[in-house]
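Asker: Provided below: upload-v6.tsv, containing TSV, C-alpha atoms.
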chain	number	residue	atom	x	y	z
A	1	MET	CA	-14.03	-6.62	-16.30
A	2	GLU	CA	-15.59	-6.37	-12.87
A	3	PHE	CA	-15.01	-3.26	-10.81
A	4	ALA	CA	-12.98	-4.69	-7.94
A	5	ASN	CA	-10.52	-3.54	-5.32
A	6	VAL	CA	-7.39	-5.65	-4.90
A	7	TYR	CA	-7.08	-4.23	-1.38
A	8	GLU	CA	-10.41	-5.76	-0.23
A	9	ASP	CA	-8.30	-8.20	1.72
A	10	ARG	CA	-7.55	-8.02	5.44
A	11	LYS	CA	-3.93	-9.23	5.15
A	12	ARG	CA	-3.12	-6.76	2.39
A	13	ALA	CA	-4.88	-3.93	4.22
A	14	GLU	CA	-2.89	-4.58	7.40
A	15	SER	CA	0.35	-4.64	5.42
A	16	TYR	CA	-0.53	-1.49	3.47
A	17	ALA	CA	-1.49	0.37	6.66
A	18	ARG	CA	2.16	0.37	7.71
A	19	LEU	CA	3.25	1.99	4.45
A	20	GLU	CA	3.90	5.73	4.46
A	21	PHE	CA	6.07	7.49	1.84
A	22	PRO	CA	9.18	5.38	1.20
A	23	GLY	CA	11.19	5.31	-2.00
A	24	THR	CA	9.18	5.53	-5.20
A	25	TYR	CA	6.03	6.48	-3.28
A	26	TYR	CA	7.76	9.66	-2.13
A	27	LEU	CA	7.74	10.96	-5.70
A	28	ALA	CA	3.97	10.58	-5.94
A	29	TYR	CA	3.49	13.00	-3.05
A	30	ARG	CA	6.58	15.24	-3.21
A	31	ASP	CA	5.13	17.92	-5.50
A	32	LEU	CA	1.57	17.89	-4.16
A	33	PRO	CA	1.97	20.73	-1.62
A	34	GLU	CA	3.31	22.98	-4.39
A	35	ILE	CA	0.44	21.94	-6.65
A	36	PHE	CA	-2.12	22.63	-3.94
A	37	ALA	CA	-0.65	26.08	-3.32
A	38	ALA	CA	-0.74	26.94	-7.02
A	39	HIS	CA	-4.17	25.56	-7.94
A	40	VAL	CA	-6.43	25.06	-4.92
A	41	LYS	CA	-8.19	28.04	-3.37
A	42	GLY	CA	-10.05	26.49	-0.42
A	43	LYS	CA	-9.60	23.84	2.26
A	44	ASP	CA	-12.50	21.42	1.83
A	45	ALA	CA	-11.07	18.19	0.39
A	46	LEU	CA	-12.23	14.73	-0.59
A	47	ASP	CA	-9.77	11.84	-0.79
A	48	PHE	CA	-11.25	9.45	-3.35
A	49	GLY	CA	-9.93	5.93	-2.82
A	50	CYS	CA	-8.35	6.77	0.52
A	51	GLY	CA	-7.42	3.19	1.43
A	52	THR	CA	-5.91	3.17	4.91
A	53	GLY	CA	-5.99	6.97	5.03
A	54	ARG	CA	-2.42	7.81	4.05
A	55	SER	CA	-3.47	10.53	1.58
A	56	THR	CA	-6.24	11.79	3.86
A	57	ARG	CA	-3.78	12.32	6.70
A	58	PHE	CA	-1.41	13.95	4.22
A	59	LEU	CA	-4.12	16.44	3.25
A	60	ARG	CA	-4.86	17.26	6.87
A	61	ARG	CA	-1.17	17.88	7.47
A	62	PHE	CA	-1.39	20.69	4.90
A	63	GLY	CA	-4.43	22.31	6.44
A	64	PHE	CA	-7.26	20.65	4.54
A	65	ALA	CA	-10.52	19.53	6.12
A	66	ALA	CA	-10.35	16.13	4.46
A	67	VAL	CA	-12.85	13.30	4.18
A	68	GLY	CA	-11.66	9.90	2.96
A	69	ILE	CA	-13.85	7.52	0.97
A	70	ASP	CA	-13.16	4.00	-0.29
A	71	ILE	CA	-14.93	0.85	-1.49
A	72	SER	CA	-12.94	-1.43	0.84
A	73	GLU	CA	-14.16	-1.84	4.40
A	74	ASP	CA	-10.95	-3.71	5.26
A	75	MET	CA	-8.92	-0.64	4.31
A	76	LEU	CA	-11.24	1.75	6.14
A	77	VAL	CA	-10.96	-0.31	9.33
A	78	GLN	CA	-7.22	0.35	9.26
A	79	ALA	CA	-7.74	4.05	8.45
A	80	ARG	CA	-9.98	4.50	11.49
A	81	VAL	CA	-7.50	2.73	13.76
A	82	LEU	CA	-4.66	4.93	12.56
A	83	ASP	CA	-6.75	8.10	12.62
A	84	PRO	CA	-9.61	7.79	15.16
A	85	ASP	CA	-10.57	11.45	14.75
A	86	GLY	CA	-10.69	11.26	10.96
A	87	GLU	CA	-13.76	11.00	8.77
A	88	TYR	CA	-13.84	7.88	6.57
A	89	TRP	CA	-16.85	6.69	4.59
A	90	LEU	CA	-17.62	3.50	2.69
A	91	VAL	CA	-18.88	4.07	-0.87
A	92	PRO	CA	-20.05	0.75	-2.36
A	93	ASP	CA	-18.91	0.29	-5.97
A	94	GLY	CA	-17.22	3.71	-5.83
A	95	ASP	CA	-20.62	5.37	-6.25
A	96	VAL	CA	-20.19	8.98	-5.13
A	97	SER	CA	-23.82	9.90	-5.74
A	98	GLN	CA	-24.44	9.49	-2.00
A	99	LEU	CA	-22.27	12.60	-1.53
A	100	ARG	CA	-24.66	14.84	-3.46
A	101	GLY	CA	-25.12	18.06	-1.58
A	102	GLN	CA	-21.45	18.09	-0.58
A	103	SER	CA	-18.93	20.25	-2.45
A	104	TYR	CA	-15.16	20.39	-2.33
A	105	ASP	CA	-12.33	22.71	-3.28
A	106	LEU	CA	-10.12	19.70	-3.96
A	107	VAL	CA	-10.72	16.09	-4.90
A	108	LEU	CA	-7.52	14.07	-4.55
A	109	SER	CA	-7.15	10.61	-6.05
A	110	VAL	CA	-3.85	8.82	-5.53
A	111	PHE	CA	-3.44	5.52	-7.44
A	112	THR	CA	-7.20	4.86	-7.31
A	113	PHE	CA	-7.74	4.81	-11.06
A	114	ASP	CA	-4.95	2.26	-11.52
A	115	ASN	CA	-7.46	-0.37	-10.40
A	116	ILE	CA	-10.56	0.83	-12.26
A	117	PRO	CA	-11.21	-0.94	-15.57
A	118	THR	CA	-12.97	0.30	-18.71
A	119	ARG	CA	-13.33	3.74	-20.20
A	120	GLN	CA	-17.03	3.77	-19.32
A	121	ARG	CA	-16.36	3.22	-15.63
A	122	LYS	CA	-13.58	5.80	-15.49
A	123	VAL	CA	-15.73	8.40	-17.28
A	124	ALA	CA	-18.65	7.78	-14.92
A	125	LEU	CA	-16.48	8.16	-11.84
A	126	PHE	CA	-14.67	11.28	-13.02
A	127	GLY	CA	-18.02	12.75	-13.99
A	128	GLY	CA	-19.34	12.07	-10.51
A	129	LEU	CA	-16.27	13.64	-8.91
A	130	SER	CA	-16.59	16.66	-11.18
A	131	ASP	CA	-20.13	17.19	-9.89
A	132	LEU	CA	-18.76	17.44	-6.35
A	133	LEU	CA	-16.42	20.33	-7.14
A	134	LYS	CA	-17.05	23.88	-6.04
A	135	PRO	CA	-17.03	26.41	-8.92
A	136	GLN	CA	-13.25	26.89	-8.70
A	137	GLY	CA	-12.54	23.36	-7.48
A	138	GLN	CA	-9.79	21.11	-8.82
A	139	ILE	CA	-9.22	17.38	-9.14
A	140	VAL	CA	-5.65	16.18	-8.60
A	141	SER	CA	-5.25	12.64	-9.91
A	142	VAL	CA	-2.03	10.70	-9.37
A	143	VAL	CA	-1.80	7.60	-11.56
A	144	SER	CA	0.84	5.08	-12.47
A	145	SER	CA	2.70	5.83	-15.69
A	146	PRO	CA	2.67	2.85	-18.09
A	147	GLU	CA	6.46	2.62	-17.62
A	148	ILE	CA	6.08	1.63	-13.97
A	149	TYR	CA	4.96	-1.82	-15.13
A	150	THR	CA	7.99	-2.47	-17.34
A	151	HIS	CA	10.96	-1.37	-15.22
A	152	GLU	CA	12.54	-1.89	-11.81
A	153	TRP	CA	12.15	0.67	-9.01
A	154	ALA	CA	13.18	1.46	-5.45
A	155	SER	CA	9.77	0.27	-4.24
A	156	PHE	CA	8.54	-2.10	-6.97
A	157	THR	CA	9.61	-4.98	-9.15
A	158	THR	CA	8.09	-6.15	-12.42
A	159	ARG	CA	10.83	-8.52	-13.63
A	160	ASP	CA	8.59	-11.55	-13.15
A	161	PHE	CA	5.97	-10.15	-15.53
A	162	PRO	CA	7.56	-9.65	-18.97
A	163	GLU	CA	4.07	-9.86	-20.48
A	164	ASN	CA	3.48	-6.34	-19.11
A	165	ARG	CA	5.53	-5.01	-22.02
A	166	LEU	CA	2.79	-6.04	-24.43
A	167	ALA	CA	0.00	-4.40	-22.45
A	168	LYS	CA	-2.04	-1.58	-23.95
A	169	SER	CA	-4.58	0.74	-22.36
A	170	GLY	CA	-7.22	-1.34	-20.62
A	171	ASP	CA	-5.08	-4.47	-20.20
A	172	ARG	CA	-4.28	-6.09	-16.88
A	173	VAL	CA	-0.71	-5.83	-15.57
A	174	LYS	CA	1.03	-7.08	-12.45
A	175	ILE	CA	3.52	-5.47	-10.10
A	176	ILE	CA	5.01	-6.35	-6.71
A	177	MET	CA	5.46	-3.81	-3.93
A	178	THR	CA	8.80	-4.37	-2.17
A	179	ASP	CA	8.23	-2.00	0.78
A	180	VAL	CA	5.55	-4.16	2.40
A	181	GLU	CA	5.52	-7.64	3.91
A	182	ASP	CA	2.76	-8.85	1.60
A	183	ARG	CA	4.61	-9.64	-1.63
A	184	ARG	CA	1.63	-10.98	-3.54
A	185	PRO	CA	1.41	-9.29	-6.94
A	186	VAL	CA	-0.98	-6.39	-7.31
A	187	GLU	CA	-3.07	-6.48	-10.48
A	188	ASP	CA	-3.68	-3.09	-12.07
A	189	ILE	CA	-5.10	-1.75	-15.32
A	190	VAL	CA	-2.57	0.06	-17.51
A	191	TRP	CA	-3.85	3.34	-18.99
A	192	GLU	CA	-1.81	5.57	-21.28
A	193	GLU	CA	-1.77	9.37	-21.40
A	194	GLU	CA	-3.82	9.61	-24.59
A	195	ALA	CA	-6.46	7.33	-23.08
A	196	TYR	CA	-6.60	9.38	-19.87
A	197	ARG	CA	-7.01	12.60	-21.82
A	198	ASP	CA	-9.88	11.01	-23.72
A	199	VAL	CA	-11.51	10.04	-20.41
A	200	TYR	CA	-11.11	13.54	-19.00
A	201	ASP	CA	-12.60	15.11	-22.10
A	202	ALA	CA	-15.55	12.74	-21.99
A	203	SER	CA	-16.02	13.56	-18.29
A	204	GLY	CA	-16.21	17.29	-18.93
A	205	LEU	CA	-12.78	17.95	-17.45
A	206	THR	CA	-9.82	19.98	-18.74
A	207	VAL	CA	-6.19	19.21	-17.96
A	208	VAL	CA	-4.77	22.36	-16.35
A	209	GLU	CA	-1.32	20.88	-15.82
A	210	MET	CA	0.40	17.52	-16.05
A	211	ARG	CA	3.56	16.55	-14.17
A	212	LYS	CA	5.87	13.54	-14.32
A	213	PRO	CA	8.00	13.77	-11.16
A	214	LEU	CA	11.56	12.47	-11.38
A	215	GLY	CA	13.89	11.58	-8.53
A	216	ARG	CA	16.82	13.85	-7.72
A	217	ASP	CA	20.32	12.89	-6.72
A	218	ASP	CA	20.12	14.92	-3.51
A	219	GLU	CA	17.15	12.91	-2.19
A	220	PRO	CA	17.77	10.25	0.50
A	221	TYR	CA	16.71	7.24	-1.57
A	222	ARG	CA	18.51	4.65	-3.65
A	223	TRP	CA	16.84	5.39	-6.93
A	224	VAL	CA	16.87	2.69	-9.57
A	225	ASN	CA	15.22	4.21	-12.66
A	226	GLU	CA	13.41	7.09	-10.96
A	227	THR	CA	15.89	9.81	-12.01
A	228	THR	CA	15.34	9.19	-15.73
A	229	ILE	CA	11.88	7.57	-16.00
A	230	ALA	CA	8.81	8.94	-14.22
A	231	PRO	CA	6.86	6.20	-12.39
A	232	TRP	CA	3.87	8.47	-11.77
A	233	THR	CA	1.83	11.03	-13.67
A	234	VAL	CA	0.00	13.84	-11.88
A	235	TYR	CA	-2.95	15.48	-13.61
A	236	ILE	CA	-4.52	18.71	-12.35
A	237	LEU	CA	-8.08	18.96	-13.67
A	238	ARG	CA	-10.93	21.44	-13.64
A	239	ARG	CA	-14.43	21.39	-15.07
A	240	THR	CA	-14.51	22.42	-18.71
How does this structure look as structure tokens?

Answerer:
Amino acid sequence: MEFANVYEDRKRAESYARLEFPGTYYLAYRDLPEIFAAHVKGKDALDFGCGTGRSTRFLRRFGFAAVGIDISEDMLVQARVLDPDGEYWLVPDGDVSQLRGQSYDLVLSVFTFDNIPTRQRKVALFGGLSDLLKPQGQIVSVVSSPEIYTHEWASFTTRDFPENRLAKSGDRVKIIMTDVEDRRPVEDIVWEEEAYRDVYDASGLTVVEMRKPLGRDDEPYRWVNETTIAPWTVYILRRT
């Protein structure tokens, strides 16, 4: 498969730029401040796959000096409009080698690896990110759980894609975001926990902690399956 970004599209980028933390997305970010406090010892941060800068702005809100990088110029245009004082860099093909000489206490990646095919490509990218860590640095990677592609959610629908249920690690799957105007399906690559752990091991990374955040009844959202099935998986990683 080619390494591509489904968000390299002006219409999708403009739609995505208006998205903050509604519904199911809220669960991807809810526990991050607690995770940062427990595992991250400094304030220099890199947001890998920053898109329109949502995660980069989130990091800055919690005191990080954050730089956002992405392979999509369309997304970065929106990030710079929303955050004129922010620092956003284009990294063609996701190649982080141009950042050599930089080092970070935290590398955050939210949903980025959902769109990166092949074990080889994932290992290469995680290896490159590992090289950018300070000695005590951590990678926090938020990815879609395989279950997100086979159930209904507050912010997503997959009912039109029953073939997702047959997908295994490395297969293409489709999902529709319901919190944005652009309802074209997003095509992702499903990747199971065992396969991610294999990638991390091959990249010289150790899983410090893994979380599967569930929705709670006291939260202001109309959960669908979120209280019993985790749509996201959060991995906290350090160099082995």

Asker: Just want the 10 Å neighbourhood of Val81 (chain A), counted on all atoms listed in the file, with same-chain residues fewer than 4 positions away dropped. Output as a list in words.

Answerer: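 What passes the distance filter is Ala17, Thr52, Gly53, Leu76, Val77, Asp85 and Gly86 of chain A.
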
Asker: Save out the residues we just selected, C-alpha atoms, as a short mmCIF file (atom, residue, chain, number, x, y, z; two decimals), keeping the file's coordinate frame.

Answerer:
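File part.cif, as written:
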data_model
loop_
_atom_site.label_atom_id
_atom_site.label_comp_id
_atom_site.auth_asym_id
_atom_site.auth_seq_id
_atom_site.Cartn_x
_atom_site.Cartn_y
_atom_site.Cartn_z
CA ALA A 17 -1.49 0.37 6.66
CA THR A 52 -5.91 3.17 4.91
CA GLY A 53 -5.99 6.97 5.03
CA LEU A 76 -11.24 1.75 6.14
CA VAL A 77 -10.96 -0.31 9.33
CA ASP A 85 -10.57 11.45 14.75
CA GLY A 86 -10.69 11.26 10.96
#

Asker: List as number ranges by chain the protein and nucleic acid residues near Asp114 (chain A), meaning an atom at most 12 Å away when only C-alpha atoms are counted, but skip any in the same chain fewer than 4 places from it.

Answerer: A: 3-6, 49, 109-110, 118, 122, 141-146, 148-149, 169-175, 186-192, 196, 232-233

Asker: Looking at only C-alpha atoms, which of A:Ala195, A:Val234, A:Val224, A:Ala167 is the one that sits closest to Ala154 (chain A)?

Answerer: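 Counting only C-alpha atoms, the residue closest to Ala154 (chain A) is A:Val224.
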
Asker: If we count all atoms listed in the file, what is near Tyr104 (chain A) at a cut-off of 6 Å, once residues fewer than 3 positions away on the same chain are taken out, given as a list in words?

Answerer: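 Skipping anything fewer than 3 positions along the chain leaves Asp44, Ala45, Leu133 and Lys134 of chain A.
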
Asker: Convert the current residue selection to file output with C-alpha atoms, as a compact mmCIF listing (two decimals), keeping the file's coordinate frame.

Answerer:
# COMPACT_ATOMS: atom_id res chain seq x y z
CA ASP A 44 -12.50 21.42 1.83
CA ALA A 45 -11.07 18.19 0.39
CA LEU A 133 -16.42 20.33 -7.14
CA LYS A 134 -17.05 23.88 -6.04

Asker: Taking 3 positions as the minimum chain separation for residues in the same chain, which residues sit within 9 Å of region 33-37 of chain A when counting only C-alpha atoms? Answer as an NGL selection string.

Answerer: :A and (29-30 or 40-41 or 59 or 62 or 106 or 140 or 236)

Asker: Create the file for the chosen residues now, containing C-alpha atoms and written as a PDB file, keeping the file's coordinate frame.

Answerer:
ATOM      1  CA  TYR A  29       3.490  13.000  -3.050  1.00  0.00           C
ATOM      2  CA  ARG A  30       6.580  15.240  -3.210  1.00  0.00           C
ATOM      3  CA  VAL A  40      -6.430  25.060  -4.920  1.00  0.00           C
ATOM      4  CA  LYS A  41      -8.190  28.040  -3.370  1.00  0.00           C
ATOM      5  CA  LEU A  59      -4.120  16.440   3.250  1.00  0.00           C
ATOM      6  CA  PHE A  62      -1.390  20.690   4.900  1.00  0.00           C
ATOM      7  CA  LEU A 106     -10.120  19.700  -3.960  1.00  0.00           C
ATOM      8  CA  VAL A 140      -5.650  16.180  -8.600  1.00  0.00           C
ATOM      9  CA  ILE A 236      -4.520  18.710 -12.350  1.00  0.00           C
TER      10      ILE A 236
END

Asker: Name the closest residue to Arg238 (chain A) among the candidates A:Trp153, A:Phe126, A:Phe48, A:Tyr221; distances are taken between atoms, counting all atoms listed in the file.

Answerer: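 Checking each of A:Trp153, A:Phe126, A:Phe48, A:Tyr221 against Arg238 (chain A), counting all atoms listed in the file, the winner is A:Phe126.
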
Asker: Can you work out which one of A:Gly128, A:Gly23, A:Gly63, A:Gly94 has the shortest atom-to-atom distance to Leu214 (chain A), counting all atoms listed in the file?

Answerer: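 Among A:Gly128, A:Gly23, A:Gly63, A:Gly94, it is A:Gly23 that comes nearest to Leu214 (chain A).
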
Asker: Determine, counting only C-alpha atoms, every residue of protein, DNA or RNA that lies within 10 Å of (-18.4, 11.3, -9.9) in the file coordinates, then give the result as number ranges by chain.

Answerer: A: 48, 94-97, 99-100, 122-133, 203

Asker: Could you work out how far CA of Arg61 (chain A) lies from CA of Leu237 (chain A), giving the answer in Å with one decimal?

Answerer: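 Distance between the two atoms: 22.3 Å.
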
Asker: Please indicate the distance in Å from CA of Gly204 (chain A) to CA of Arg239 (chain A), rounded to one decimal place.

Answerer: 5.9 Å

Asker: What does the distance between CA of Lys43 (chain A) and CA of Asp105 (chain A) come to in Å, to one decimal place?

Answerer: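 Spanning CA of Lys43 (chain A) to CA of Asp105 (chain A) is a straight-line distance of 6.3 Å.
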
Asker: Counting all atoms listed in the file, which of A:Val180, A:Leu82, A:Val107, A:Ser72 gets nearest to Leu19 (chain A)?

Answerer: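 Closest to Leu19 (chain A) of all the choices is A:Val180.
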
Asker: Measuring atom to atom with only C-alpha atoms, identify which of A:Ala79, A:Leu46, A:Ile229, A:Ala13 is nearest to Ala65 (chain A).

Answerer: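 Closest to Ala65 (chain A), using only C-alpha atoms: A:Leu46.
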
Asker: Let me have the centre and edge lengths of the axis-aligned box enclosing all listed atoms of region 134-144 of chain A with 4 Å padding on every side, in Å to one decimal, as JSON.

Answerer:
{"center_x": -8.1, "center_y": 16.0, "center_z": -9.3, "size_x": 25.9, "size_y": 29.8, "size_z": 14.4}

Asker: When distances are computed from all atoms listed in the file, which of A:Thr228, A:Asn164, A:Thr157, A:Ser15 shows the smallest separation from Asp74 (chain A)?

Answerer: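 Going through A:Thr228, A:Asn164, A:Thr157, A:Ser15 one by one, the smallest distance to Asp74 (chain A) is for A:Ser15.
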
Asker: If you count all atoms listed in the file, which residues fall within 6 Å of Gly68 (chain A), apart from same-chain ones fewer than 6 positions away, as a ChimeraX atom specification?

Answerer: /A:47,50,56,88
